[in-house]
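Novice: So that you have it, the file is input.cif, and it contains mmCIF, C-alpha atoms:
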data_entry
#
loop_
_atom_site.label_atom_id
_atom_site.label_comp_id
_atom_site.auth_asym_id
_atom_site.auth_seq_id
_atom_site.Cartn_x
_atom_site.Cartn_y
_atom_site.Cartn_z
CA MET A 8 -19.46 -0.72 15.14
CA ASP A 9 -15.81 -1.38 15.89
CA SER A 10 -13.71 -3.96 17.68
CA GLU A 11 -14.57 -2.30 21.02
CA GLY A 12 -18.31 -2.86 20.73
CA THR A 13 -21.64 -1.86 19.24
CA VAL A 14 -23.21 1.60 19.24
CA LEU A 15 -26.87 1.88 18.25
CA TYR A 16 -28.26 5.22 17.08
CA SER A 17 -31.88 6.13 16.37
CA ARG A 18 -32.77 8.07 13.23
CA ASN A 19 -32.54 11.33 15.14
CA GLY A 20 -28.99 10.53 16.27
CA LYS A 21 -29.78 9.47 19.85
CA ASP A 22 -27.59 6.75 21.37
CA ILE A 23 -29.95 3.91 22.40
CA SER A 24 -27.31 1.22 22.95
CA GLN A 25 -28.03 0.89 26.67
CA ARG A 26 -31.65 -0.08 25.96
CA TYR A 27 -30.68 -3.22 24.02
CA PRO A 28 -27.75 -4.97 25.74
CA GLU A 29 -28.50 -8.20 23.83
CA LEU A 30 -27.56 -6.56 20.51
CA ALA A 31 -23.80 -7.05 20.64
CA LEU A 32 -23.64 -6.97 16.86
CA THR A 33 -19.85 -6.93 16.45
CA SER A 34 -19.84 -10.63 17.34
CA TYR A 35 -21.70 -11.31 14.07
CA LEU A 36 -19.32 -9.41 11.77
CA LYS A 37 -16.17 -10.74 10.14
CA ARG A 38 -14.83 -7.24 9.45
CA VAL A 39 -14.97 -4.07 11.55
CA PRO A 40 -15.41 -1.16 11.92
CA ALA A 41 -18.65 -0.99 9.98
CA VAL A 42 -21.66 1.32 9.81
CA LEU A 43 -24.95 -0.47 9.14
CA ASP A 44 -28.49 0.68 8.46
CA GLY A 45 -31.24 -1.42 9.97
CA GLU A 46 -34.20 -1.61 12.30
CA ILE A 47 -34.71 -3.06 15.75
CA VAL A 48 -37.72 -5.38 15.98
CA VAL A 49 -39.30 -7.46 18.72
CA VAL A 50 -41.17 -10.55 17.57
CA GLN A 51 -44.34 -11.73 19.27
CA ASN A 52 -46.31 -14.74 17.99
CA GLY A 53 -44.13 -14.90 14.89
CA LEU A 54 -44.69 -11.28 13.82
CA PRO A 55 -42.99 -7.96 14.59
CA SER A 56 -44.79 -6.21 17.45
CA PHE A 57 -44.57 -2.42 17.34
CA ARG A 58 -46.29 -2.09 20.72
CA THR A 59 -43.86 -4.50 22.42
CA LEU A 60 -40.95 -2.61 20.88
CA GLN A 61 -42.36 0.61 22.33
CA THR A 62 -42.46 -1.04 25.75
CA ARG A 63 -38.77 -1.87 25.38
CA ASP A 64 -37.93 1.58 24.07
CA CYS A 65 -39.48 3.35 27.06
CA LEU A 66 -37.58 1.39 29.73
CA GLN A 67 -34.95 3.31 31.68
CA ASP A 68 -34.31 1.22 34.78
CA PRO A 69 -31.19 -0.98 34.18
CA HIS A 70 -32.73 -3.99 35.99
CA LYS A 71 -35.91 -3.84 33.89
CA ILE A 72 -33.84 -3.42 30.72
CA ARG A 73 -31.79 -6.55 31.48
CA ALA A 74 -34.95 -8.52 32.33
CA ALA A 75 -36.60 -7.42 29.07
CA ALA A 76 -33.47 -8.39 27.10
CA ARG A 77 -33.87 -11.93 28.48
CA ASN A 78 -37.65 -12.25 28.23
CA ILE A 79 -38.50 -10.27 25.07
CA PRO A 80 -35.17 -10.02 23.20
CA ALA A 81 -34.84 -7.69 20.25
CA ILE A 82 -33.53 -8.54 16.80
CA TYR A 83 -31.51 -6.23 14.60
CA MET A 84 -32.80 -6.41 11.02
CA VAL A 85 -30.02 -5.04 8.84
CA PHE A 86 -30.94 -3.44 5.51
CA ASP A 87 -27.74 -1.86 4.24
CA ILE A 88 -24.06 -1.14 4.86
CA LEU A 89 -22.79 2.44 4.67
CA SER A 90 -19.09 2.05 5.38
CA LEU A 91 -16.56 -0.71 6.05
CA GLU A 92 -13.11 -0.40 7.59
CA GLY A 93 -13.26 3.36 7.14
CA LYS A 94 -14.30 3.24 3.45
CA ASP A 95 -17.48 5.07 2.41
CA LEU A 96 -19.81 2.72 0.50
CA THR A 97 -22.84 4.98 0.08
CA GLY A 98 -22.03 5.76 -3.57
CA LEU A 99 -21.99 2.10 -4.59
CA PRO A 100 -25.11 0.56 -6.18
CA LEU A 101 -27.41 -1.10 -3.66
CA ILE A 102 -26.81 -4.56 -5.12
CA LYS A 103 -23.05 -4.21 -4.54
CA ARG A 104 -23.58 -3.09 -0.97
CA LYS A 105 -25.85 -6.07 -0.35
CA GLU A 106 -23.21 -8.44 -1.74
CA LEU A 107 -20.59 -6.98 0.61
CA LEU A 108 -22.98 -7.33 3.52
CA GLN A 109 -23.73 -10.98 2.78
CA GLY A 110 -20.03 -11.81 2.68
CA MET A 111 -19.11 -10.36 6.06
CA VAL A 112 -21.89 -11.58 8.36
CA LEU A 113 -21.98 -14.62 10.64
CA ASP A 114 -25.17 -16.33 11.73
CA GLY A 115 -26.73 -15.10 14.96
CA SER A 116 -30.09 -15.25 16.73
CA ASN A 117 -30.22 -11.47 17.23
CA PHE A 118 -28.97 -10.45 13.79
CA VAL A 119 -30.87 -10.93 10.52
CA ILE A 120 -30.16 -9.62 7.02
CA SER A 121 -33.22 -8.42 5.13
CA GLN A 122 -33.27 -10.45 1.92
CA HIS A 123 -34.43 -8.86 -1.33
CA VAL A 124 -36.84 -10.32 -3.88
CA LEU A 125 -36.50 -9.62 -7.61
CA GLU A 126 -39.36 -9.28 -10.11
CA ALA A 127 -42.04 -10.44 -7.68
CA GLY A 128 -42.85 -7.23 -5.83
CA LYS A 129 -46.61 -7.43 -6.21
CA GLY A 130 -46.68 -11.01 -5.00
CA LEU A 131 -44.50 -10.11 -2.03
CA PHE A 132 -46.81 -7.24 -1.13
CA GLU A 133 -49.85 -9.53 -1.26
CA LEU A 134 -48.04 -12.00 0.99
CA ALA A 135 -47.20 -9.20 3.43
CA LYS A 136 -50.87 -8.21 3.49
CA ALA A 137 -51.92 -11.81 4.13
CA LYS A 138 -49.47 -12.04 7.04
CA GLY A 139 -50.69 -8.77 8.52
CA LEU A 140 -47.33 -7.06 8.04
CA GLU A 141 -46.89 -3.31 7.64
CA GLY A 142 -45.89 -3.47 3.96
CA VAL A 143 -42.84 -3.66 1.72
CA MET A 144 -40.03 -1.42 0.49
CA ALA A 145 -39.20 -1.18 -3.20
CA LYS A 146 -35.58 -0.19 -3.94
CA ARG A 147 -33.78 0.20 -7.24
CA LEU A 148 -30.77 -2.12 -7.51
CA ASP A 149 -28.55 0.72 -8.76
CA SER A 150 -29.57 3.16 -6.03
CA PRO A 151 -26.95 4.92 -3.89
CA TYR A 152 -27.54 5.43 -0.19
CA GLN A 153 -28.97 8.92 0.36
CA ALA A 154 -29.10 9.61 4.09
CA GLY A 155 -32.11 11.62 5.22
CA LYS A 156 -33.46 12.19 1.70
CA ARG A 157 -36.73 11.23 0.04
CA SER A 158 -36.35 10.04 -3.51
CA SER A 159 -37.91 7.84 -6.19
CA TYR A 160 -35.10 5.31 -5.65
CA TRP A 161 -36.88 3.92 -2.57
CA LEU A 162 -40.64 3.69 -2.12
CA LYS A 163 -42.72 2.31 0.72
CA PHE A 164 -45.95 0.40 0.02
CA ARG A 165 -48.01 0.15 3.18
CA ASN A 166 -50.58 -2.49 3.99
CA VAL A 167 -52.28 -0.30 6.55
CA LYS A 168 -52.70 3.44 6.43
CA SER A 169 -50.55 4.94 9.13
CA MET A 170 -49.04 8.33 9.74
CA SER A 171 -46.37 9.88 11.92
CA CYS A 172 -47.83 12.84 13.80
CA ILE A 173 -46.67 15.39 16.36
CA ILE A 174 -48.43 15.42 19.72
CA CYS A 175 -49.35 19.09 20.07
CA GLY A 176 -51.52 18.80 23.15
CA TYR A 177 -54.17 16.69 24.82
CA VAL A 178 -57.76 16.85 26.00
CA PRO A 179 -58.89 15.42 29.37
CA GLY A 180 -61.49 12.68 29.20
CA ARG A 181 -64.18 11.14 31.36
CA GLY A 182 -64.42 8.20 33.74
CA VAL A 183 -61.21 6.17 33.92
CA ARG A 184 -59.74 8.43 31.23
CA THR A 185 -60.25 11.68 33.17
CA ARG A 186 -56.58 12.63 33.06
CA LEU A 187 -56.13 12.12 29.32
CA GLY A 188 -58.94 11.45 26.88
CA SER A 189 -57.24 12.09 23.55
CA LEU A 190 -54.06 13.44 22.02
CA ILE A 191 -54.13 16.48 19.73
CA LEU A 192 -52.23 15.74 16.53
CA GLY A 193 -50.43 17.94 14.03
CA VAL A 194 -48.24 17.64 10.93
CA TYR A 195 -46.30 20.08 8.78
CA GLU A 196 -47.77 21.34 5.52
CA ASN A 197 -45.63 23.80 3.56
CA GLU A 198 -43.64 24.64 6.70
CA GLU A 199 -46.82 25.35 8.69
CA LEU A 200 -47.87 23.14 11.61
CA VAL A 201 -51.51 22.17 10.98
CA TYR A 202 -54.13 20.32 12.99
CA ILE A 203 -54.86 16.79 11.71
CA GLY A 204 -57.25 15.51 14.41
CA LYS A 205 -57.35 13.77 17.79
CA VAL A 206 -56.65 10.19 18.85
CA GLY A 207 -57.80 8.37 21.96
CA SER A 208 -58.25 4.81 20.74
CA GLY A 209 -55.27 2.60 21.48
CA LEU A 210 -54.17 4.48 24.59
CA GLY A 211 -53.87 2.22 27.62
CA ARG A 212 -53.09 3.08 31.23
CA THR A 213 -49.37 2.39 30.75
CA GLU A 214 -49.17 4.74 27.75
CA ILE A 215 -51.19 7.43 29.53
CA ASP A 216 -49.00 7.32 32.66
CA TYR A 217 -45.84 7.55 30.58
CA LEU A 218 -47.13 10.36 28.37
CA LEU A 219 -48.47 12.53 31.20
CA ASN A 220 -45.16 12.23 33.02
CA ARG A 221 -43.35 13.27 29.85
CA PHE A 222 -45.75 16.13 29.17
CA THR A 223 -45.05 17.78 32.54
CA GLN A 224 -42.13 19.79 31.15
CA LEU A 225 -43.78 20.53 27.79
CA ILE A 226 -46.94 22.47 28.74
CA ARG A 227 -47.35 25.86 27.06
CA HIS A 228 -50.02 28.53 27.50
CA LYS A 229 -50.74 29.27 23.84
CA CYS A 230 -52.17 27.07 21.11
CA THR A 231 -49.52 25.21 19.15
CA PHE A 232 -51.19 25.92 15.78
CA SER A 233 -51.34 29.25 13.96
CA ARG A 234 -54.94 28.40 13.06
CA SER A 235 -56.44 27.23 16.35
CA PRO A 236 -58.98 24.37 16.23
CA SER A 237 -62.02 24.64 18.46
CA LEU A 238 -61.10 22.25 21.28
CA LYS A 239 -62.58 22.68 24.75
CA ASP A 240 -60.22 22.25 27.75
CA ALA A 241 -57.20 21.59 25.53
CA VAL A 242 -53.80 21.43 27.21
CA TRP A 243 -51.19 22.65 24.72
CA LEU A 244 -47.67 21.23 24.50
CA GLU A 245 -44.37 22.04 22.85
CA PRO A 246 -44.55 20.16 19.50
CA CYS A 247 -41.61 17.82 20.05
CA VAL A 248 -43.07 14.35 20.71
CA VAL A 249 -43.84 12.13 17.70
CA CYS A 250 -46.26 9.22 17.57
CA GLU A 251 -47.58 6.79 14.96
CA VAL A 252 -51.32 6.41 14.32
CA SER A 253 -53.33 4.26 11.95
CA TYR A 254 -56.45 5.61 10.27
CA LEU A 255 -59.15 4.79 7.71
CA GLU A 256 -59.13 7.97 5.62
CA LYS A 257 -57.28 11.28 5.54
CA GLY A 258 -59.23 14.46 4.92
CA GLU A 259 -59.05 17.69 6.88
CA VAL A 260 -58.64 15.39 9.89
CA LEU A 261 -57.84 11.69 10.20
CA ARG A 262 -60.88 9.41 10.26
CA HIS A 263 -60.97 6.80 13.05
CA PRO A 264 -57.31 7.11 14.11
CA THR A 265 -55.73 4.62 16.53
CA PHE A 266 -52.62 5.29 18.60
CA LEU A 267 -49.90 2.76 17.74
CA GLY A 268 -47.00 4.07 19.81
CA LEU A 269 -44.31 6.71 20.06
CA ARG A 270 -41.74 7.26 17.31
CA GLN A 271 -38.61 8.27 19.17
CA ASP A 272 -36.62 7.63 15.98
CA LEU A 273 -38.32 10.53 14.15
CA SER A 274 -38.01 14.27 14.50
CA PRO A 275 -41.12 16.49 14.36
CA ARG A 276 -39.97 17.99 11.03
CA GLU A 277 -40.29 14.55 9.44
CA CYS A 278 -44.03 14.56 10.16
CA ILE A 279 -45.41 16.02 6.95
CA LEU A 280 -48.89 15.81 5.45
CA ASP A 281 -47.72 13.77 2.45
CA GLN A 282 -46.02 10.69 3.85
CA GLY A 283 -46.39 8.52 0.77
CA ARG A 284 -42.60 8.27 0.39
CA LEU A 285 -39.78 7.72 2.81
#
Before we go any further, please render this structure as structure tokens.
Specialist:
Amino acid sequence: MDSEGTVLYSRNGKDISQRYPELALTSYLKRVPAVLDGEIVVVQNGLPSFRTLQTRDCLQDPHKIRAAARNIPAIYMVFDILSLEGKDLTGLPLIKRKELLQGMVLDGSNFVISQHVLEAGKGLFELAKAKGLEGVMAKRLDSPYQAGKRSSYWLKFRNVKSMSCIICGYVPGRGVRTRLGSLILGVYENEELVYIGKVGSGLGRTEIDYLLNRFTQLIRHKCTFSRSPSLKDAVWLEPCVVCEVSYLEKGEVLRHPTFLGLRQDLSPRECILDQGRL
């Protein structure tokens, strides 16, 4: 962010600024330019709604984007600051970066700083569970900012079991779901793309229409996996679209998975079998 305006990037480096015109974040900062780390959320009934956010994220028509910005505005939840006025801050301890962040932010309805809680992590996690939230992040106060790395400095504790998976194909269904019955899911295990199951629950007409339109350019003639699962009438795709699914248990395949939405902020290589850590 600089004095000329705000640029929003997803985790995979895609510029998504045009999707969220209401997030003019420079108006909330006392000092610029600055690089922040955060998450865009859309609140429905007092809680973050991943599905509503996905609806916003899939819009491309400028008129619909502006209408959505008015009717279901997004909020930028800022977690960290990486640089300020050209100075790299990633090597500073987290607590110092948070202090800098607190001192340079003005109040705003579309901009919220994620506040930390000390010595009450278990209680906070229980509260998150009671509220139906996804979970909590535990971060060491002396931790540097390590972009794109998994480490013991930061750990995620999830309330629900969910997993980021690659859509490797789909299987036609029956009745009203003739065109798409379920998605074929895969993840990486030791550099090999492996089958992790299918998901059909959670897919509505809007999601199906959007996905089939997107799949048009991704169809391939051979199975995506080196070890092909026995799936009748499967339509195989280039493994480049990522989605989030919840599930009850994880074995050779996911038990009772439910489609939650697309993850356009993740690359396929981030979808690994062990997703216990960030």
Novice: For CA of Ser189 in chain A and CA of Ile215 in chain A, determine how far apart the two atoms are, in Å to one decimal place.
Specialist: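 One can read the CA of Ser189 in chain A to CA of Ile215 in chain A distance as 9.7 Å.
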Novice: Can you tell me how far CA of Val49 in chain A sits from CA of Asp64 in chain A, in Å to one decimal?
Specialist: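 Atom-to-atom, CA of Val49 in chain A to CA of Asp64 in chain A, that is 10.6 Å.
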Novice: Please report the interatomic distance between CA of Arg63 in chain A and CA of Ser17 in chain A in Å with one decimal.
Specialist: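 Between CA of Arg63 in chain A and CA of Ser17 in chain A the gap is 13.9 Å.
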Novice: Identify, on the basis of only C-alpha atoms, every residue whose closest approach to Tyr152 in chain A does not exceed 8 Å; exclude the query and any residue fewer than 2 positions from it along the same chain; express the result as a CSV table (one decimal) with C-alpha atoms, keeping the file's coordinate frame.
Specialist:
chain,number,residue,atom,x,y,z
A,89,LEU,CA,-22.8,2.4,4.7
A,97,THR,CA,-22.8,5.0,0.1
A,98,GLY,CA,-22.0,5.8,-3.6
A,99,LEU,CA,-22.0,2.1,-4.6
A,101,LEU,CA,-27.4,-1.1,-3.7
A,150,SER,CA,-29.6,3.2,-6.0
A,154,ALA,CA,-29.1,9.6,4.1
Novice: Taking 4 positions as the minimum chain separation for residues in the same chain, which residues sit within 10 Å of Val248 in chain A when counting all atoms listed in the file? Answer as a VMD selection string.
Specialist: chain A and resid 172 to 176 218 221 to 222 225 244 269 to 271 273 to 275
Novice: Please write the residues picked by the PyMOL selection byres ((chain A and resi 33) around 12) on this file as a ChimeraX atom specification.
Specialist: /A:8-15,29-32,34-43,83,111-115,117-118
Novice: Create the file for the chosen residues now, containing C-alpha atoms and written as a compact mmCIF listing (two decimals), keeping the file's coordinate frame.
Specialist:
# COMPACT_ATOMS: atom_id res chain seq x y z
CA MET A 8 -19.46 -0.72 15.14
CA ASP A 9 -15.81 -1.38 15.89
CA SER A 10 -13.71 -3.96 17.68
CA GLU A 11 -14.57 -2.30 21.02
CA GLY A 12 -18.31 -2.86 20.73
CA THR A 13 -21.64 -1.86 19.24
CA VAL A 14 -23.21 1.60 19.24
CA LEU A 15 -26.87 1.88 18.25
CA GLU A 29 -28.50 -8.20 23.83
CA LEU A 30 -27.56 -6.56 20.51
CA ALA A 31 -23.80 -7.05 20.64
CA LEU A 32 -23.64 -6.97 16.86
CA SER A 34 -19.84 -10.63 17.34
CA TYR A 35 -21.70 -11.31 14.07
CA LEU A 36 -19.32 -9.41 11.77
CA LYS A 37 -16.17 -10.74 10.14
CA ARG A 38 -14.83 -7.24 9.45
CA VAL A 39 -14.97 -4.07 11.55
CA PRO A 40 -15.41 -1.16 11.92
CA ALA A 41 -18.65 -0.99 9.98
CA VAL A 42 -21.66 1.32 9.81
CA LEU A 43 -24.95 -0.47 9.14
CA TYR A 83 -31.51 -6.23 14.60
CA MET A 111 -19.11 -10.36 6.06
CA VAL A 112 -21.89 -11.58 8.36
CA LEU A 113 -21.98 -14.62 10.64
CA ASP A 114 -25.17 -16.33 11.73
CA GLY A 115 -26.73 -15.10 14.96
CA ASN A 117 -30.22 -11.47 17.23
CA PHE A 118 -28.97 -10.45 13.79
Novice: Under the PyMOL selection byres ((chain A and resi 197-210) around 7), which residues of this model are included? Write them out as a count of residues only.
Specialist: 21
Novice: Taking the file above as input, evaluate the PyMOL selection byres ((chain A and resi 84) around 6) and report the hits as a PDB file with C-alpha atoms, keeping the file's coordinate frame.
Specialist:
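Saved as selection-v5.pdb:
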ATOM      1  CA  GLY A  45     -31.240  -1.420   9.970  1.00  0.00           C
ATOM      2  CA  GLU A  46     -34.200  -1.610  12.300  1.00  0.00           C
ATOM      3  CA  TYR A  83     -31.510  -6.230  14.600  1.00  0.00           C
ATOM      4  CA  VAL A  85     -30.020  -5.040   8.840  1.00  0.00           C
ATOM      5  CA  VAL A 119     -30.870 -10.930  10.520  1.00  0.00           C
ATOM      6  CA  ILE A 120     -30.160  -9.620   7.020  1.00  0.00           C
TER       7      ILE A 120
END
Novice: Taking 4 positions as the minimum chain separation for residues in the same chain, which residues sit within 10 Å of Arg77 in chain A when counting all atoms listed in the file? Answer as a ChimeraX atom specification.
Specialist: /A:28-29,71-73,81
